[in-house]
$ cat my_file28.cif   # mmCIF, C-alpha atoms and all ligand atoms
data_coords
loop_
_atom_site.label_atom_id
_atom_site.label_comp_id
_atom_site.auth_asym_id
_atom_site.auth_seq_id
_atom_site.Cartn_x
_atom_site.Cartn_y
_atom_site.Cartn_z
CA MET A 1 133.85 120.89 167.24
CA TYR A 2 135.38 117.93 165.48
CA ILE A 3 135.67 114.20 165.78
CA LYS A 4 139.15 112.88 166.44
CA GLU A 5 138.69 109.13 166.53
CA ILE A 6 136.21 106.33 166.06
CA GLU A 7 136.17 102.68 167.05
CA LEU A 8 133.62 100.26 165.62
CA LYS A 9 133.17 96.70 166.81
CA ASN A 10 130.71 94.38 165.03
CA PHE A 11 128.99 97.43 163.59
CA ARG A 12 127.33 96.66 160.21
CA ASN A 13 130.11 95.30 157.96
CA TYR A 14 132.92 96.60 160.22
CA ASP A 15 134.26 93.85 162.48
CA ASP A 16 136.94 95.92 164.09
CA LEU A 17 137.86 99.43 163.06
CA HIS A 18 139.94 102.12 164.71
CA LEU A 19 140.45 105.37 162.80
CA GLU A 20 141.74 108.84 163.43
CA PHE A 21 140.21 111.68 161.47
CA ASN A 22 141.34 114.92 159.95
CA GLU A 23 140.12 118.07 161.65
CA ASN A 24 138.94 119.54 158.33
CA VAL A 25 137.88 117.20 155.56
CA ASN A 26 137.63 113.42 155.44
CA PHE A 27 136.93 111.75 152.10
CA ILE A 28 135.49 108.28 152.29
CA ILE A 29 135.88 106.73 148.90
CA GLY A 30 134.83 103.33 147.65
CA ASN A 31 132.62 101.37 145.32
CA ASN A 32 128.98 100.70 146.10
CA ALA A 33 128.12 98.51 149.10
CA GLN A 34 131.60 98.67 150.68
CA GLY A 35 130.66 100.47 153.91
CA LYS A 36 130.80 104.23 153.26
CA THR A 37 127.34 105.02 154.62
CA ASN A 38 127.83 102.47 157.41
CA LEU A 39 130.80 104.47 158.66
CA LEU A 40 128.77 107.70 158.63
CA GLU A 41 125.97 105.91 160.45
CA GLY A 42 128.42 104.89 163.19
CA ILE A 43 129.66 108.47 163.53
CA TYR A 44 126.10 109.84 163.56
CA LEU A 45 125.03 107.46 166.31
CA SER A 46 127.17 109.39 168.79
CA SER A 47 125.03 112.52 168.35
CA ILE A 48 121.51 111.33 169.14
CA GLY A 49 121.98 107.63 169.87
CA LYS A 50 119.95 106.65 166.80
CA SER A 51 120.62 105.84 163.19
CA PHE A 52 119.59 108.21 160.41
CA ARG A 53 118.37 105.33 158.28
CA THR A 54 116.67 102.82 160.52
CA SER A 55 114.60 102.91 163.66
CA ARG A 56 115.47 99.28 164.38
CA ASP A 57 118.72 99.39 166.34
CA ASN A 58 119.33 95.64 166.00
CA GLU A 59 119.86 96.05 162.25
CA MET A 60 123.17 97.77 162.95
CA ILE A 61 124.64 94.72 164.69
CA GLY A 62 126.96 92.85 162.32
CA PHE A 63 125.39 89.77 160.72
CA ASP A 64 125.98 86.72 162.96
CA LYS A 65 127.10 88.90 165.88
CA ASP A 66 125.22 89.56 169.09
CA PHE A 67 126.37 93.06 169.98
CA PHE A 68 128.00 96.17 168.58
CA LYS A 69 130.10 98.87 170.15
CA VAL A 70 130.72 102.36 168.79
CA LYS A 71 133.16 104.71 170.46
CA VAL A 72 133.59 108.28 169.28
CA LYS A 73 136.09 110.79 170.62
CA GLY A 74 135.42 114.44 169.91
CA GLU A 75 137.05 117.78 170.67
CA LYS A 76 134.82 120.69 171.59
CA GLU A 77 135.74 124.37 171.92
CA LEU A 78 136.82 123.98 175.54
CA PHE A 79 137.06 120.28 176.35
CA PRO A 80 137.13 116.79 174.88
CA VAL A 81 134.10 114.51 174.90
CA ASP A 82 133.81 110.80 174.35
CA VAL A 83 130.72 108.74 173.74
CA GLU A 84 130.44 104.97 173.84
CA ILE A 85 127.33 103.13 172.71
CA THR A 86 126.88 99.40 173.14
CA LEU A 87 123.90 97.48 171.87
CA LYS A 88 123.35 93.88 172.86
CA LYS A 89 120.90 91.98 170.74
CA ASP A 90 117.47 92.02 172.42
CA LEU A 91 118.97 93.45 175.61
CA GLY A 92 119.06 97.05 174.53
CA LYS A 93 121.43 99.93 174.48
CA SER A 94 123.80 101.32 177.04
CA ILE A 95 125.49 104.67 176.62
CA LYS A 96 128.50 106.17 178.34
CA VAL A 97 129.46 109.82 178.14
CA ASN A 98 133.01 110.52 179.28
CA GLY A 99 133.10 107.08 180.86
CA VAL A 100 129.91 107.54 182.89
CA ASN A 101 126.75 105.54 182.20
CA ILE A 102 123.70 107.63 181.38
CA SER A 103 120.17 106.47 182.07
CA LYS A 104 118.20 108.47 179.48
CA THR A 105 119.04 109.03 175.82
CA SER A 106 118.22 112.72 176.25
CA GLU A 107 121.35 112.98 178.43
CA LEU A 108 123.43 112.05 175.39
CA LEU A 109 122.25 115.11 173.49
CA GLU A 110 124.27 118.34 173.63
CA ASN A 111 127.53 116.41 173.49
CA ILE A 112 128.32 115.80 169.83
CA TYR A 113 126.56 117.87 167.17
CA ILE A 114 126.20 116.24 163.78
CA VAL A 115 124.17 117.12 160.68
CA ILE A 116 123.70 114.57 157.93
CA PHE A 117 123.00 115.56 154.36
CA SER A 118 122.10 112.86 151.87
CA PRO A 119 120.35 112.81 148.48
CA GLU A 120 117.10 112.02 150.37
CA ASP A 121 117.30 115.43 152.03
CA LEU A 122 117.28 117.15 148.65
CA LYS A 123 113.72 115.88 148.22
CA ILE A 124 112.44 117.25 151.51
CA VAL A 125 110.33 119.98 149.90
CA LYS A 126 108.51 117.54 147.63
CA ASP A 127 108.34 114.52 149.95
CA GLU A 128 105.47 113.52 152.18
CA PRO A 129 104.89 115.60 155.38
CA GLU A 130 106.33 112.86 157.58
CA LYS A 131 109.81 113.55 156.17
CA ARG A 132 109.51 117.22 157.07
CA ARG A 133 108.33 116.41 160.58
CA LYS A 134 111.32 114.07 160.94
CA PHE A 135 113.61 116.88 159.91
CA ILE A 136 112.18 119.22 162.54
CA ASP A 137 112.26 116.50 165.17
CA LYS A 138 115.86 115.50 164.53
CA GLU A 139 117.06 119.07 164.64
CA LEU A 140 115.07 120.01 167.73
CA CYS A 141 116.21 116.87 169.53
CA THR A 142 119.78 117.91 168.82
CA LEU A 143 119.17 121.37 170.24
CA ARG A 144 116.73 120.73 173.09
CA PRO A 145 116.77 117.66 175.31
CA SER A 146 113.36 118.75 176.68
CA TYR A 147 111.97 118.42 173.14
CA TYR A 148 113.34 114.89 172.93
CA ASP A 149 111.51 113.97 176.15
CA ALA A 150 108.24 115.68 175.12
CA LEU A 151 108.32 113.99 171.72
CA SER A 152 109.01 110.49 172.96
CA ASN A 153 106.29 110.83 175.63
CA TYR A 154 103.84 112.22 173.07
CA LYS A 155 104.52 109.33 170.69
CA LYS A 156 104.09 106.77 173.45
CA VAL A 157 100.71 108.19 174.56
CA LEU A 158 99.56 108.64 170.96
CA ASN A 159 100.30 104.98 170.24
CA GLN A 160 98.39 103.85 173.32
CA ARG A 161 95.43 106.07 172.45
CA ASN A 162 95.35 104.84 168.86
CA THR A 163 95.51 101.20 169.94
CA TYR A 164 92.70 101.81 172.43
CA LEU A 165 90.56 103.50 169.76
CA LYS A 166 90.58 100.22 167.85
CA GLU A 167 88.95 98.32 170.73
CA TYR A 168 85.21 97.73 171.05
CA ASN A 169 84.30 98.95 174.52
CA ILE A 170 85.67 102.39 174.94
CA GLU A 171 85.64 104.11 178.30
CA PRO A 172 85.58 107.93 177.87
CA SER A 173 87.37 108.51 181.19
CA ILE A 174 90.38 106.55 179.91
CA LEU A 175 90.52 108.73 176.82
CA ASP A 176 90.37 111.78 179.11
CA ILE A 177 93.55 110.70 180.84
CA TRP A 178 95.39 110.24 177.57
CA ASP A 179 94.04 113.51 176.22
CA MET A 180 95.43 115.37 179.20
CA GLN A 181 98.87 113.91 178.58
CA LEU A 182 98.71 114.50 174.83
CA ALA A 183 97.74 118.11 175.53
CA LYS A 184 100.71 118.61 177.85
CA TYR A 185 103.37 117.08 175.57
CA GLY A 186 101.66 118.31 172.39
CA ALA A 187 101.63 121.93 173.58
CA ALA A 188 105.36 121.75 174.35
CA ILE A 189 106.05 120.31 170.89
CA ILE A 190 103.94 122.90 169.06
CA SER A 191 105.51 125.90 170.74
CA MET A 192 109.09 124.62 170.30
CA ARG A 193 108.42 123.81 166.64
CA GLU A 194 107.02 127.27 166.00
CA ASP A 195 109.99 128.97 167.60
CA PHE A 196 112.44 126.74 165.69
CA ILE A 197 110.86 127.35 162.29
CA LYS A 198 110.84 131.11 162.84
CA LYS A 199 114.58 130.99 163.48
CA ILE A 200 115.40 128.60 160.65
CA ASN A 201 113.32 130.74 158.28
CA ILE A 202 115.40 133.85 158.93
CA ILE A 203 118.72 132.04 158.43
CA SER A 204 117.73 130.04 155.36
CA ASN A 205 116.29 133.15 153.72
CA LYS A 206 119.75 134.78 153.85
CA ILE A 207 121.51 131.67 152.57
CA HIS A 208 119.03 131.14 149.76
CA SER A 209 119.40 134.72 148.67
CA ASN A 210 123.19 134.24 148.52
CA ILE A 211 122.97 131.06 146.47
CA THR A 212 120.61 132.68 143.97
CA ASN A 213 122.42 136.05 143.80
CA GLY A 214 119.49 137.81 145.41
CA LYS A 215 116.98 136.61 142.82
CA GLU A 216 114.94 134.39 145.11
CA ASN A 217 113.26 135.15 148.41
CA LEU A 218 112.73 131.93 150.37
CA LYS A 219 110.18 131.74 153.15
CA ILE A 220 109.67 128.71 155.38
CA GLU A 221 106.46 128.59 157.37
CA TYR A 222 105.12 126.34 160.08
CA SER A 223 101.83 124.78 159.08
CA PRO A 224 100.57 123.39 162.38
CA ASN A 225 97.60 121.09 162.75
CA ILE A 226 96.75 122.92 165.98
CA LYS A 227 97.84 126.58 166.02
CA ASN A 228 100.04 127.97 168.76
CA GLN A 229 97.82 130.22 170.91
CA GLU A 230 97.23 131.39 174.46
CA LYS A 231 96.57 128.67 177.02
CA LEU A 232 97.79 126.21 174.45
CA GLU A 233 97.66 123.11 176.64
CA GLU A 234 93.98 123.70 177.48
CA LYS A 235 93.25 124.43 173.83
CA VAL A 236 94.84 121.18 172.66
CA PHE A 237 92.79 119.32 175.25
CA ASP A 238 89.57 121.02 174.05
CA ILE A 239 90.34 120.28 170.41
CA LEU A 240 90.97 116.60 171.20
CA LYS A 241 87.63 116.54 172.99
CA GLU A 242 85.83 118.19 170.07
CA SER A 243 87.28 115.70 167.61
CA ARG A 244 86.61 112.68 169.78
CA GLN A 245 83.50 111.55 167.89
CA ASN A 246 85.44 111.74 164.68
CA ASP A 247 88.38 109.85 166.24
CA LEU A 248 86.02 107.11 167.48
CA ARG A 249 84.56 106.76 164.01
CA LEU A 250 87.95 106.69 162.26
CA ARG A 251 89.61 104.77 165.14
CA THR A 252 92.64 107.01 165.21
CA THR A 253 93.75 110.37 166.61
CA THR A 254 93.01 112.92 163.92
CA LYS A 255 94.23 116.12 165.60
CA GLY A 256 97.61 117.09 166.96
CA PRO A 257 101.21 117.88 166.07
CA HIS A 258 101.69 114.41 164.54
CA ARG A 259 99.82 115.98 161.61
CA ASP A 260 102.01 119.11 161.33
CA ASP A 261 103.82 120.26 158.22
CA ILE A 262 106.05 123.05 156.93
CA GLU A 263 105.59 125.05 153.74
CA PHE A 264 108.23 126.56 151.48
CA TYR A 265 107.65 129.69 149.38
CA ILE A 266 109.94 131.29 146.81
CA ASN A 267 108.97 134.83 145.86
CA GLU A 268 105.59 134.12 147.50
CA ILE A 269 104.95 131.05 145.35
CA ASN A 270 104.50 127.63 146.95
CA VAL A 271 107.62 125.65 146.04
CA ARG A 272 106.11 122.20 146.53
CA SER A 273 103.29 122.84 144.07
CA PHE A 274 104.87 125.25 141.62
CA GLY A 275 108.65 125.29 142.11
CA SER A 276 111.03 123.79 139.57
CA GLN A 277 113.08 120.79 140.65
CA GLY A 278 116.14 123.05 140.83
CA GLN A 279 114.33 125.50 143.12
CA GLN A 280 113.18 122.68 145.36
CA ARG A 281 116.73 121.39 145.67
CA THR A 282 118.19 124.83 146.33
CA ALA A 283 115.57 125.41 149.03
CA ALA A 284 116.57 122.07 150.59
CA LEU A 285 120.24 123.04 150.47
CA SER A 286 119.48 126.40 152.12
CA LEU A 287 117.54 124.61 154.83
CA LYS A 288 120.42 122.23 155.56
CA LEU A 289 122.98 125.01 155.73
CA ALA A 290 120.63 126.97 157.98
CA GLU A 291 120.50 123.96 160.29
CA LEU A 292 124.29 124.14 160.70
CA ASN A 293 124.21 127.88 161.35
CA LEU A 294 121.47 127.56 163.92
CA ILE A 295 123.41 124.96 165.89
CA LYS A 296 126.40 127.30 165.93
CA GLU A 297 124.22 130.22 167.00
CA GLU A 298 122.53 128.33 169.80
CA THR A 299 125.37 126.24 171.16
CA GLY A 300 128.55 128.07 170.18
CA GLU A 301 129.80 124.81 168.64
CA SER A 302 130.13 124.17 164.94
CA ALA A 303 128.44 120.91 164.05
CA ILE A 304 130.12 118.20 162.01
CA LEU A 305 128.60 117.71 158.57
CA LEU A 306 128.25 114.31 156.93
CA LEU A 307 127.73 114.55 153.17
CA ASP A 308 126.59 111.14 152.00
CA ASP A 309 126.83 110.92 148.21
CA VAL A 310 125.41 114.37 147.92
CA MET A 311 128.02 116.10 145.79
CA SER A 312 127.23 114.16 142.66
CA GLU A 313 123.60 115.24 143.02
CA LEU A 314 124.39 118.95 142.85
CA ASP A 315 125.33 121.04 139.83
CA ALA A 316 128.65 122.89 139.70
CA THR A 317 127.31 126.19 141.07
CA ARG A 318 125.68 124.58 144.06
CA GLN A 319 128.71 122.34 144.74
CA GLU A 320 130.93 125.38 144.73
CA PHE A 321 128.62 127.29 147.05
CA LEU A 322 128.45 124.36 149.42
CA ILE A 323 132.20 123.88 149.59
CA LYS A 324 132.85 127.59 150.05
CA SER A 325 130.35 127.94 152.85
CA LEU A 326 131.69 124.92 154.70
CA SER A 327 135.33 125.90 154.93
CA ASP A 328 135.45 126.14 158.72
CA ILE A 329 133.69 122.96 159.83
CA GLN A 330 134.68 119.31 159.87
CA LEU A 331 133.35 117.44 156.87
CA PHE A 332 132.93 113.77 156.07
CA ILE A 333 132.32 113.30 152.37
CA THR A 334 131.48 109.92 150.87
CA THR A 335 131.76 109.44 147.16
CA THR A 336 132.46 106.74 144.62
CA GLU A 337 134.85 108.99 142.72
CA ILE A 338 136.70 112.25 143.17
CA THR A 339 135.22 114.91 140.92
CA ASP A 340 136.87 118.17 139.86
CA SER A 341 135.06 120.26 142.45
CA LEU A 342 136.20 117.90 145.19
CA ARG A 343 139.81 117.95 144.00
CA GLU A 344 140.07 121.56 145.19
CA VAL A 345 139.33 120.68 148.81
CA ILE A 346 141.38 117.52 148.91
CA SER A 347 144.57 119.32 149.84
CA LYS A 348 142.98 120.25 153.17
CA GLY A 349 141.89 116.75 153.99
CA LYS A 350 142.57 113.07 154.27
CA ILE A 351 141.42 110.24 152.01
CA TYR A 352 140.13 106.91 153.29
CA THR A 353 139.45 104.09 150.87
CA VAL A 354 136.77 101.61 151.93
CA GLU A 355 136.66 98.05 150.74
CA ASN A 356 134.36 95.49 152.26
CA GLY A 357 134.35 96.90 155.77
CA LYS A 358 138.09 97.65 155.83
CA ILE A 359 139.73 101.04 155.45
CA LYS A 360 142.95 101.80 153.63
CA LEU A 361 144.70 105.12 154.16
N1 LIG B 401 124.11 94.50 159.97
C1 LIG B 401 124.98 94.30 158.99
N2 LIG B 401 126.01 93.42 159.15
C2 LIG B 401 126.91 93.20 158.17
N3 LIG B 401 126.87 93.82 156.98
C3 LIG B 401 125.88 94.70 156.76
C4 LIG B 401 124.89 94.98 157.74
N4 LIG B 401 124.04 95.89 157.25
C5 LIG B 401 124.46 96.15 156.01
N5 LIG B 401 125.56 95.44 155.70
C6 LIG B 401 126.32 95.44 154.45
O1 LIG B 401 126.90 96.71 154.26
C7 LIG B 401 126.97 96.96 152.87
C8 LIG B 401 126.41 98.34 152.55
O2 LIG B 401 127.19 99.27 153.13
P1 LIG B 401 126.92 100.81 152.86
O3 LIG B 401 125.49 101.12 152.86
O4 LIG B 401 127.79 101.52 153.81
O5 LIG B 401 127.48 100.93 151.37
P2 LIG B 401 128.06 102.20 150.63
O6 LIG B 401 129.55 102.03 150.55
O7 LIG B 401 127.55 103.43 151.25
O8 LIG B 401 127.47 101.97 149.17
P3 LIG B 401 126.72 102.98 148.17
O9 LIG B 401 127.82 103.63 147.39
O10 LIG B 401 125.92 102.06 147.32
O11 LIG B 401 125.90 103.91 148.96
C9 LIG B 401 126.14 95.94 152.17
O12 LIG B 401 126.98 95.09 151.47
C10 LIG B 401 125.41 95.22 153.26
O13 LIG B 401 125.25 93.87 153.01
MG MG B 402 126.01 104.74 150.72
#
$ encode --input "my_file28.cif" --output "structure tokens"
Amino acid sequence: MYIKEIELKNFRNYDDLHLEFNENVNFIIGNNAQGKTNLLEGIYLSSIGKSFRTSRDNEMIGFDKDFFKVKVKGEKELFPVDVEITLKKDLGKSIKVNGVNISKTSELLENIYIVIFSPEDLKIVKDEPEKRRKFIDKELCTLRPSYYDALSNYKKVLNQRNTYLKEYNIEPSILDIWDMQLAKYGAAIISMREDFIKKINIISNKIHSNITNGKENLKIEYSPNIKNQEKLEEKVFDILKESRQNDLRLRTTTKGPHRDDIEFYINEINVRSFGSQGQQRTAALSLKLAELNLIKEETGESAILLLDDVMSELDATRQEFLIKSLSDIQLFITTTEITDSLREVISKGKIYTVENGKIKL
């Protein structure tokens, strides 16, 4: 699929923007702090209704404004789709898909598929586990609306349970109720994560082998806090019960998928502990490209890829690999300057110059 048009009103430093995009490659060029990432953020919003860089929606409203509106028009294999998101300060978000209001964010999913790749993502192997969980969550939300619902319910209950654990008089029967809900949503999350990582492992292994000319064998493994097993929901409930004394002492929930992680191995060696920086970055690149392939495999649509400042972070070989493997999807590339490797793809695309929230063609 590809994105045809965007309209931004009071979004970050864009007061009023209406742009049409190229079906292949869109270069967004400009000095620092002009609005390159802001534009990508606006585009990205249409995929899952959230920013990739803040969880506080209000931050995206232009300074001194009291609402923003983002409208994105896309073309899918068989039909067009348009998404409109309005956020009024302190009044919340409303979303329209093809002109119709939706009541739950999960109904927005499966309309516009977008993958973002920024320098941050190159550190995913080395970063703290939370970043890896976020990666899994974002991708699974894109692919499975039921995951989105399970995850947001799980987080809500987990927060309530953790707040309650900090109180003085604790009623075990109240914890029982929360444990039952955590077990239900937690089991759904664990089994979907396991299935997802198995699939992403197979695809990224092939990609990694291609990038490294067959020299490296990448393996990505789920490292769950509670293992997937038979009667999982009951098991999660039992484990929560067993760890209750510990939870009461530490005043927080110590067991569950909010403590999950993934591990990366190259030729059987743990990449986080022993891999070189180059290996860690290549593994991250393989993972990202696998994400795109998986979306195509599962939905039949090719996702749109946003490359935020990422080219300058990669060496020539990896840049070349990236550009070659992305020839048939729509790209948005932000950069402060056009490098030699980018010059090759420019003929297929369109250049937009950003200056202080305004775009020049
Ligand atoms: N809510 C907002 N309202 C108005 N302006 C904002 C808002 N949030 C951020 N900005 C402004 O947007 C600018 C940053 O834009 P952005 O992050 O898109 O820059 P960039 O072009 O990607 O720069 P870099 O090359 O450094 O990554 C800053 O000048 C910041 O003050
Ligand atoms: Mg930026």
$ residues_near_point --input "my_file28.cif" --point "(99.8, 129.0, 169.9)" --cutoff "9 Å" --atoms "all atoms listed in the file" --output "number ranges by chain"
A: 187, 190-191, 194, 226-232, 235
$ closest_atom_pairs --input "my_file28.cif" --of "chain A" --to "ligand LIG 401 (chain B)" --cutoff "12 Å" --atoms "all atoms listed in the file" --output "Markdown table"
| residue | atom | partner | partner_atom | distance |
| --- | --- | --- | --- | --- |
| A:Lys9 | CA | B:LIG401 | N2 | 11.0 |
| A:Asn10 | CA | B:LIG401 | N2 | 7.6 |
| A:Phe11 | CA | B:LIG401 | N2 | 6.7 |
| A:Arg12 | CA | B:LIG401 | C1 | 3.5 |
| A:Asn13 | CA | B:LIG401 | N3 | 3.7 |
| A:Tyr14 | CA | B:LIG401 | C2 | 7.2 |
| A:Asp15 | CA | B:LIG401 | C2 | 8.5 |
| A:Asp16 | CA | B:LIG401 | C2 | 12.0 |
| A:Ile28 | CA | B:LIG401 | O6 | 8.8 |
| A:Ile29 | CA | B:LIG401 | O6 | 8.1 |
| A:Gly30 | CA | B:LIG401 | O6 | 6.2 |
| A:Asn31 | CA | B:LIG401 | O9 | 5.7 |
| A:Asn32 | CA | B:LIG401 | O9 | 3.4 |
| A:Ala33 | CA | B:LIG401 | O5 | 3.4 |
| A:Gln34 | CA | B:LIG401 | O6 | 3.9 |
| A:Gly35 | CA | B:LIG401 | O4 | 3.1 |
| A:Lys36 | CA | B:LIG401 | O6 | 3.7 |
| A:Thr37 | CA | B:LIG401 | O4 | 3.6 |
| A:Asn38 | CA | B:LIG401 | O4 | 3.7 |
| A:Leu39 | CA | B:LIG401 | O4 | 6.4 |
| A:Leu40 | CA | B:LIG401 | O4 | 7.9 |
| A:Glu41 | CA | B:LIG401 | O4 | 8.2 |
| A:Gly42 | CA | B:LIG401 | O4 | 10.0 |
| A:Phe52 | CA | B:LIG401 | O3 | 11.9 |
| A:Arg53 | CA | B:LIG401 | O3 | 9.9 |
| A:Thr54 | CA | B:LIG401 | N4 | 10.6 |
| A:Arg56 | CA | B:LIG401 | N1 | 10.8 |
| A:Asp57 | CA | B:LIG401 | N1 | 9.7 |
| A:Asn58 | CA | B:LIG401 | N1 | 7.8 |
| A:Glu59 | CA | B:LIG401 | N1 | 5.1 |
| A:Met60 | CA | B:LIG401 | N1 | 4.5 |
| A:Ile61 | CA | B:LIG401 | N1 | 4.8 |
| A:Gly62 | CA | B:LIG401 | N2 | 3.4 |
| A:Phe63 | CA | B:LIG401 | N2 | 4.0 |
| A:Asp64 | CA | B:LIG401 | N2 | 7.7 |
| A:Lys65 | CA | B:LIG401 | N2 | 8.2 |
| A:Asp66 | CA | B:LIG401 | N1 | 10.4 |
| A:Phe67 | CA | B:LIG401 | N1 | 10.4 |
| A:Phe68 | CA | B:LIG401 | N1 | 9.6 |
| A:Lys89 | CA | B:LIG401 | N1 | 11.5 |
| A:Ser118 | CA | B:LIG401 | O11 | 10.1 |
| A:Pro119 | CA | B:LIG401 | O11 | 10.5 |
| A:Leu307 | CA | B:LIG401 | O7 | 11.3 |
| A:Asp308 | CA | B:LIG401 | O7 | 7.8 |
| A:Asp309 | CA | B:LIG401 | O11 | 7.1 |
| A:Val310 | CA | B:LIG401 | O11 | 10.5 |
| A:Ser312 | CA | B:LIG401 | O9 | 11.6 |
| A:Ile333 | CA | B:LIG401 | O7 | 11.0 |
| A:Thr334 | CA | B:LIG401 | O7 | 7.6 |
| A:Thr335 | CA | B:LIG401 | O9 | 7.0 |
| A:Thr336 | CA | B:LIG401 | O9 | 6.2 |
| A:Glu337 | CA | B:LIG401 | O9 | 10.0 |
| A:Tyr352 | CA | B:LIG401 | O6 | 12.0 |
| A:Thr353 | CA | B:LIG401 | O6 | 10.1 |
| A:Val354 | CA | B:LIG401 | O6 | 7.4 |
| A:Glu355 | CA | B:LIG401 | O6 | 8.2 |
| A:Asn356 | CA | B:LIG401 | O12 | 7.4 |
| A:Gly357 | CA | B:LIG401 | O1 | 7.6 |
| A:Lys358 | CA | B:LIG401 | O6 | 11.0 |
| A:Ile359 | CA | B:LIG401 | O6 | 11.3 |
$ write_last_selection --input "my_file28.cif" --atoms "C-alpha atoms" --output "PDB file, in the frame of the given file"
ATOM      1  CA  LYS A   9     133.170  96.700 166.810  1.00  0.00           C
ATOM      2  CA  ASN A  10     130.710  94.380 165.030  1.00  0.00           C
ATOM      3  CA  PHE A  11     128.990  97.430 163.590  1.00  0.00           C
ATOM      4  CA  ARG A  12     127.330  96.660 160.210  1.00  0.00           C
ATOM      5  CA  ASN A  13     130.110  95.300 157.960  1.00  0.00           C
ATOM      6  CA  TYR A  14     132.920  96.600 160.220  1.00  0.00           C
ATOM      7  CA  ASP A  15     134.260  93.850 162.480  1.00  0.00           C
ATOM      8  CA  ASP A  16     136.940  95.920 164.090  1.00  0.00           C
ATOM      9  CA  ILE A  28     135.490 108.280 152.290  1.00  0.00           C
ATOM     10  CA  ILE A  29     135.880 106.730 148.900  1.00  0.00           C
ATOM     11  CA  GLY A  30     134.830 103.330 147.650  1.00  0.00           C
ATOM     12  CA  ASN A  31     132.620 101.370 145.320  1.00  0.00           C
ATOM     13  CA  ASN A  32     128.980 100.700 146.100  1.00  0.00           C
ATOM     14  CA  ALA A  33     128.120  98.510 149.100  1.00  0.00           C
ATOM     15  CA  GLN A  34     131.600  98.670 150.680  1.00  0.00           C
ATOM     16  CA  GLY A  35     130.660 100.470 153.910  1.00  0.00           C
ATOM     17  CA  LYS A  36     130.800 104.230 153.260  1.00  0.00           C
ATOM     18  CA  THR A  37     127.340 105.020 154.620  1.00  0.00           C
ATOM     19  CA  ASN A  38     127.830 102.470 157.410  1.00  0.00           C
ATOM     20  CA  LEU A  39     130.800 104.470 158.660  1.00  0.00           C
ATOM     21  CA  LEU A  40     128.770 107.700 158.630  1.00  0.00           C
ATOM     22  CA  GLU A  41     125.970 105.910 160.450  1.00  0.00           C
ATOM     23  CA  GLY A  42     128.420 104.890 163.190  1.00  0.00           C
ATOM     24  CA  PHE A  52     119.590 108.210 160.410  1.00  0.00           C
ATOM     25  CA  ARG A  53     118.370 105.330 158.280  1.00  0.00           C
ATOM     26  CA  THR A  54     116.670 102.820 160.520  1.00  0.00           C
ATOM     27  CA  ARG A  56     115.470  99.280 164.380  1.00  0.00           C
ATOM     28  CA  ASP A  57     118.720  99.390 166.340  1.00  0.00           C
ATOM     29  CA  ASN A  58     119.330  95.640 166.000  1.00  0.00           C
ATOM     30  CA  GLU A  59     119.860  96.050 162.250  1.00  0.00           C
ATOM     31  CA  MET A  60     123.170  97.770 162.950  1.00  0.00           C
ATOM     32  CA  ILE A  61     124.640  94.720 164.690  1.00  0.00           C
ATOM     33  CA  GLY A  62     126.960  92.850 162.320  1.00  0.00           C
ATOM     34  CA  PHE A  63     125.390  89.770 160.720  1.00  0.00           C
ATOM     35  CA  ASP A  64     125.980  86.720 162.960  1.00  0.00           C
ATOM     36  CA  LYS A  65     127.100  88.900 165.880  1.00  0.00           C
ATOM     37  CA  ASP A  66     125.220  89.560 169.090  1.00  0.00           C
ATOM     38  CA  PHE A  67     126.370  93.060 169.980  1.00  0.00           C
ATOM     39  CA  PHE A  68     128.000  96.170 168.580  1.00  0.00           C
ATOM     40  CA  LYS A  89     120.900  91.980 170.740  1.00  0.00           C
ATOM     41  CA  SER A 118     122.100 112.860 151.870  1.00  0.00           C
ATOM     42  CA  PRO A 119     120.350 112.810 148.480  1.00  0.00           C
ATOM     43  CA  LEU A 307     127.730 114.550 153.170  1.00  0.00           C
ATOM     44  CA  ASP A 308     126.590 111.140 152.000  1.00  0.00           C
ATOM     45  CA  ASP A 309     126.830 110.920 148.210  1.00  0.00           C
ATOM     46  CA  VAL A 310     125.410 114.370 147.920  1.00  0.00           C
ATOM     47  CA  SER A 312     127.230 114.160 142.660  1.00  0.00           C
ATOM     48  CA  ILE A 333     132.320 113.300 152.370  1.00  0.00           C
ATOM     49  CA  THR A 334     131.480 109.920 150.870  1.00  0.00           C
ATOM     50  CA  THR A 335     131.760 109.440 147.160  1.00  0.00           C
ATOM     51  CA  THR A 336     132.460 106.740 144.620  1.00  0.00           C
ATOM     52  CA  GLU A 337     134.850 108.990 142.720  1.00  0.00           C
ATOM     53  CA  TYR A 352     140.130 106.910 153.290  1.00  0.00           C
ATOM     54  CA  THR A 353     139.450 104.090 150.870  1.00  0.00           C
ATOM     55  CA  VAL A 354     136.770 101.610 151.930  1.00  0.00           C
ATOM     56  CA  GLU A 355     136.660  98.050 150.740  1.00  0.00           C
ATOM     57  CA  ASN A 356     134.360  95.490 152.260  1.00  0.00           C
ATOM     58  CA  GLY A 357     134.350  96.900 155.770  1.00  0.00           C
ATOM     59  CA  LYS A 358     138.090  97.650 155.830  1.00  0.00           C
ATOM     60  CA  ILE A 359     139.730 101.040 155.450  1.00  0.00           C
TER      61      ILE A 359
END
$ atom_distance --input "my_file28.cif" --atom1 "CA of Ile116 in chain A" --atom2 "CA of Thr339 in chain A"
20.5 Å
$ atom_distance --input "my_file28.cif" --atom1 "CA of Phe274 in chain A" --atom2 "CA of Phe135 in chain A"
21.9 Å
$ atom_distance --input "my_file28.cif" --atom1 "CA of Ser325 in chain A" --atom2 "CA of Glu110 in chain A"
23.7 Å
